[in-house]
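*Asks:* Before anything else, here's the structure in question.
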Amino acid sequence: MSSQPIQANNPIHPGVRMGHVHLKVADLQRAIDFYCGVLGLRLTQRFGDSAAFLAAGGYHHHIGLNTWESLGGAPPPTGTTGLYHLALVYPTQAELGDALQRLLQAGIPLDGAADHGVSQALYLRDPDQNGVELYWDRPESEWPRTASGELAMYTRPLDLKMLLDTAQAAASR
């Protein structure tokens, strides 16, 4: 069996983008409290106690939540397939710092924090133990590259104090 990746003869249009993620949750209100109350997303629509749609800005929804098959359920056990994490992209480093401040104020622990060269990221779990990545992309002109121009991403510790200082500086302007 070949280990070479299969390349499509007719690649997908470069304008295609990821839309939304829809999560099965055990407790709808608990999930809304986390995504809206802690992270700051806006509730755009709710269907009683069974589903809700959340967004940033004026979009219809970036995250869907439902209890249709999961009311009162437990997270999937380790060693099974499924969602590794969802990722929310912040427009600036200062906004990512603000997200970190929100997490600290709410007592939400981080699973990790990393500088990947192309981005800076915070990793955590939502109340249903779904992985969540909050990150900011550096401008493409600053991405690390090899001598031949290929991406040279890495994983290094992220300076959380610097991130909080950047948020504080932006807030005081």
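Residues in the structure tokens are named by chain (A, B, ... in the order shown) and by number from 1 within that chain; ligands are numbered from 1 in the order shown.
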Please report, as JSON lines, each residue of region 92-134 of chain A lying at most 10 Å from region 30-46 of chain A, together with the nearest pair of atoms and the separation in Å rounded to one decimal; use only C-alpha atoms, and order rows by chain and ascending residue number.
*Replies:*
{"residue": "A:Asp98", "atom": "CA", "partner": "A:Leu39", "partner_atom": "CA", "distance": 9.5}
{"residue": "A:Ala99", "atom": "CA", "partner": "A:Leu39", "partner_atom": "CA", "distance": 6.6}
{"residue": "A:Leu100", "atom": "CA", "partner": "A:Leu39", "partner_atom": "CA", "distance": 9.3}
{"residue": "A:Gln101", "atom": "CA", "partner": "A:Val38", "partner_atom": "CA", "distance": 9.9}
{"residue": "A:Arg102", "atom": "CA", "partner": "A:Val38", "partner_atom": "CA", "distance": 6.1}
{"residue": "A:Leu103", "atom": "CA", "partner": "A:Val38", "partner_atom": "CA", "distance": 6.7}
{"residue": "A:Leu104", "atom": "CA", "partner": "A:Val38", "partner_atom": "CA", "distance": 9.7}
{"residue": "A:Gln105", "atom": "CA", "partner": "A:Val38", "partner_atom": "CA", "distance": 8.6}
{"residue": "A:Ala106", "atom": "CA", "partner": "A:Val38", "partner_atom": "CA", "distance": 6.6}
{"residue": "A:Gly107", "atom": "CA", "partner": "A:Val38", "partner_atom": "CA", "distance": 9.8}
{"residue": "A:Ile108", "atom": "CA", "partner": "A:Val38", "partner_atom": "CA", "distance": 8.9}
{"residue": "A:Asp126", "atom": "CA", "partner": "A:Phe34", "partner_atom": "CA", "distance": 7.1}
{"residue": "A:Pro127", "atom": "CA", "partner": "A:Ala31", "partner_atom": "CA", "distance": 6.5}
{"residue": "A:Asp128", "atom": "CA", "partner": "A:Ala31", "partner_atom": "CA", "distance": 7.6}
{"residue": "A:Leu134", "atom": "CA", "partner": "A:Leu39", "partner_atom": "CA", "distance": 9.6}
*Asks:* Let's have the selection written as an mmCIF file, in the first residue's frame, with N, CA and C atoms.
*Replies:*
data_model
loop_
_atom_site.group_PDB
_atom_site.id
_atom_site.type_symbol
_atom_site.label_atom_id
_atom_site.label_comp_id
_atom_site.auth_asym_id
_atom_site.auth_seq_id
_atom_site.Cartn_x
_atom_site.Cartn_y
_atom_site.Cartn_z
ATOM 1 N N ASP A 98 -7.791 38.361 24.985
ATOM 2 C CA ASP A 98 -9.069 38.583 25.665
ATOM 3 C C ASP A 98 -9.759 37.244 25.940
ATOM 4 N N ALA A 99 -9.689 36.317 24.987
ATOM 5 C CA ALA A 99 -10.282 34.987 25.189
ATOM 6 C C ALA A 99 -9.603 34.281 26.358
ATOM 7 N N LEU A 100 -8.283 34.389 26.446
ATOM 8 C CA LEU A 100 -7.560 33.793 27.563
ATOM 9 C C LEU A 100 -8.026 34.411 28.879
ATOM 10 N N GLN A 101 -8.196 35.715 28.899
ATOM 11 C CA GLN A 101 -8.668 36.381 30.124
ATOM 12 C C GLN A 101 -10.051 35.864 30.516
ATOM 13 N N ARG A 102 -10.942 35.672 29.547
ATOM 14 C CA ARG A 102 -12.285 35.135 29.822
ATOM 15 C C ARG A 102 -12.196 33.740 30.453
ATOM 16 N N LEU A 103 -11.305 32.910 29.891
ATOM 17 C CA LEU A 103 -11.138 31.553 30.418
ATOM 18 C C LEU A 103 -10.632 31.585 31.857
ATOM 19 N N LEU A 104 -9.642 32.433 32.117
ATOM 20 C CA LEU A 104 -9.092 32.541 33.464
ATOM 21 C C LEU A 104 -10.151 33.018 34.451
ATOM 22 N N GLN A 105 -10.933 34.017 34.052
ATOM 23 C CA GLN A 105 -11.985 34.543 34.937
ATOM 24 C C GLN A 105 -13.048 33.495 35.241
ATOM 25 N N ALA A 106 -13.313 32.617 34.274
ATOM 26 C CA ALA A 106 -14.334 31.578 34.464
ATOM 27 C C ALA A 106 -13.765 30.314 35.117
ATOM 28 N N GLY A 107 -12.449 30.285 35.345
ATOM 29 C CA GLY A 107 -11.833 29.113 35.949
ATOM 30 C C GLY A 107 -11.762 27.918 35.022
ATOM 31 N N ILE A 108 -11.730 28.169 33.714
ATOM 32 C CA ILE A 108 -11.647 27.088 32.728
ATOM 33 C C ILE A 108 -10.177 26.729 32.534
ATOM 34 N N ASP A 126 -14.652 21.796 26.381
ATOM 35 C CA ASP A 126 -15.945 22.366 26.757
ATOM 36 C C ASP A 126 -16.561 21.476 27.837
ATOM 37 N N PRO A 127 -17.730 21.827 28.382
ATOM 38 C CA PRO A 127 -18.312 21.029 29.466
ATOM 39 C C PRO A 127 -18.618 19.582 29.088
ATOM 40 N N ASP A 128 -18.736 19.284 27.784
ATOM 41 C CA ASP A 128 -18.995 17.912 27.337
ATOM 42 C C ASP A 128 -17.707 17.202 26.930
ATOM 43 N N LEU A 134 -8.689 27.742 20.453
ATOM 44 C CA LEU A 134 -8.887 29.167 20.204
ATOM 45 C C LEU A 134 -7.555 29.663 19.666
#
*Asks:* Which residues, written as a PyMOL selection string, have at least one atom at most 8 Å from Thr166 (chain A), with only C-alpha atoms counted and residues fewer than 3 positions away on the same chain left out?
*Replies:* chain A and resi 93-94+97+162-163+169-170
*Asks:* Keeping all heavy atoms, export the residues of the selection given above as a PDB file, in the first residue's frame.
*Replies:*
ATOM      1  N   GLN A  93      -4.215  39.103  17.763  1.00  0.00           N
ATOM      2  CA  GLN A  93      -3.555  38.527  18.924  1.00  0.00           C
ATOM      3  C   GLN A  93      -4.199  39.070  20.210  1.00  0.00           C
ATOM      4  O   GLN A  93      -4.378  38.334  21.181  1.00  0.00           O
ATOM      5  CB  GLN A  93      -2.066  38.860  18.878  1.00  0.00           C
ATOM      6  CG  GLN A  93      -1.252  38.192  19.957  1.00  0.00           C
ATOM      7  CD  GLN A  93       0.205  38.580  19.874  1.00  0.00           C
ATOM      8  OE1 GLN A  93       0.549  39.750  19.720  1.00  0.00           O
ATOM      9  NE2 GLN A  93       1.077  37.582  19.980  1.00  0.00           N
ATOM     10  N   ALA A  94      -4.570  40.351  20.205  1.00  0.00           N
ATOM     11  CA  ALA A  94      -5.207  40.949  21.378  1.00  0.00           C
ATOM     12  C   ALA A  94      -6.547  40.275  21.681  1.00  0.00           C
ATOM     13  O   ALA A  94      -6.892  40.060  22.854  1.00  0.00           O
ATOM     14  CB  ALA A  94      -5.401  42.451  21.171  1.00  0.00           C
ATOM     15  N   GLY A  97      -5.876  37.113  23.360  1.00  0.00           N
ATOM     16  CA  GLY A  97      -5.552  37.429  24.752  1.00  0.00           C
ATOM     17  C   GLY A  97      -6.805  37.680  25.574  1.00  0.00           C
ATOM     18  O   GLY A  97      -6.892  37.268  26.737  1.00  0.00           O
ATOM     19  N   MET A 162       2.532  37.361  27.868  1.00  0.00           N
ATOM     20  CA  MET A 162       2.601  38.264  26.719  1.00  0.00           C
ATOM     21  C   MET A 162       1.218  38.402  26.072  1.00  0.00           C
ATOM     22  O   MET A 162       0.795  39.488  25.698  1.00  0.00           O
ATOM     23  CB  MET A 162       3.623  37.734  25.706  1.00  0.00           C
ATOM     24  CG  MET A 162       3.687  38.491  24.375  1.00  0.00           C
ATOM     25  SD  MET A 162       2.457  38.001  23.107  1.00  0.00           S
ATOM     26  CE  MET A 162       2.666  36.248  23.012  1.00  0.00           C
ATOM     27  N   LEU A 163       0.506  37.291  25.968  1.00  0.00           N
ATOM     28  CA  LEU A 163      -0.823  37.314  25.363  1.00  0.00           C
ATOM     29  C   LEU A 163      -1.778  38.174  26.188  1.00  0.00           C
ATOM     30  O   LEU A 163      -2.515  39.003  25.636  1.00  0.00           O
ATOM     31  CB  LEU A 163      -1.338  35.880  25.241  1.00  0.00           C
ATOM     32  CG  LEU A 163      -2.450  35.606  24.257  1.00  0.00           C
ATOM     33  CD1 LEU A 163      -2.071  36.011  22.844  1.00  0.00           C
ATOM     34  CD2 LEU A 163      -2.813  34.133  24.298  1.00  0.00           C
ATOM     35  N   ALA A 169      -3.107  45.921  26.728  1.00  0.00           N
ATOM     36  CA  ALA A 169      -2.648  47.111  25.994  1.00  0.00           C
ATOM     37  C   ALA A 169      -3.708  47.556  24.988  1.00  0.00           C
ATOM     38  O   ALA A 169      -3.967  48.762  24.830  1.00  0.00           O
ATOM     39  CB  ALA A 169      -1.321  46.848  25.306  1.00  0.00           C
ATOM     40  N   ALA A 170      -4.320  46.617  24.301  1.00  0.00           N
ATOM     41  CA  ALA A 170      -5.353  46.948  23.316  1.00  0.00           C
ATOM     42  C   ALA A 170      -6.595  47.540  23.993  1.00  0.00           C
ATOM     43  O   ALA A 170      -7.214  48.461  23.470  1.00  0.00           O
ATOM     44  CB  ALA A 170      -5.725  45.718  22.502  1.00  0.00           C
TER      45      ALA A 170
END
*Asks:* Can you list, as a count of residues only, every protein, DNA or RNA residue that comes within 12 Å of Glu133 (chain A) when you count only C-alpha atoms, leaving out same-chain residues fewer than 3 positions away?
*Replies:* 26
*Asks:* If you count only C-alpha atoms, which residues fall within 12 Å of region 76-79 of chain A, apart from same-chain ones fewer than 3 positions away, as a count of residues only?
*Replies:* 12
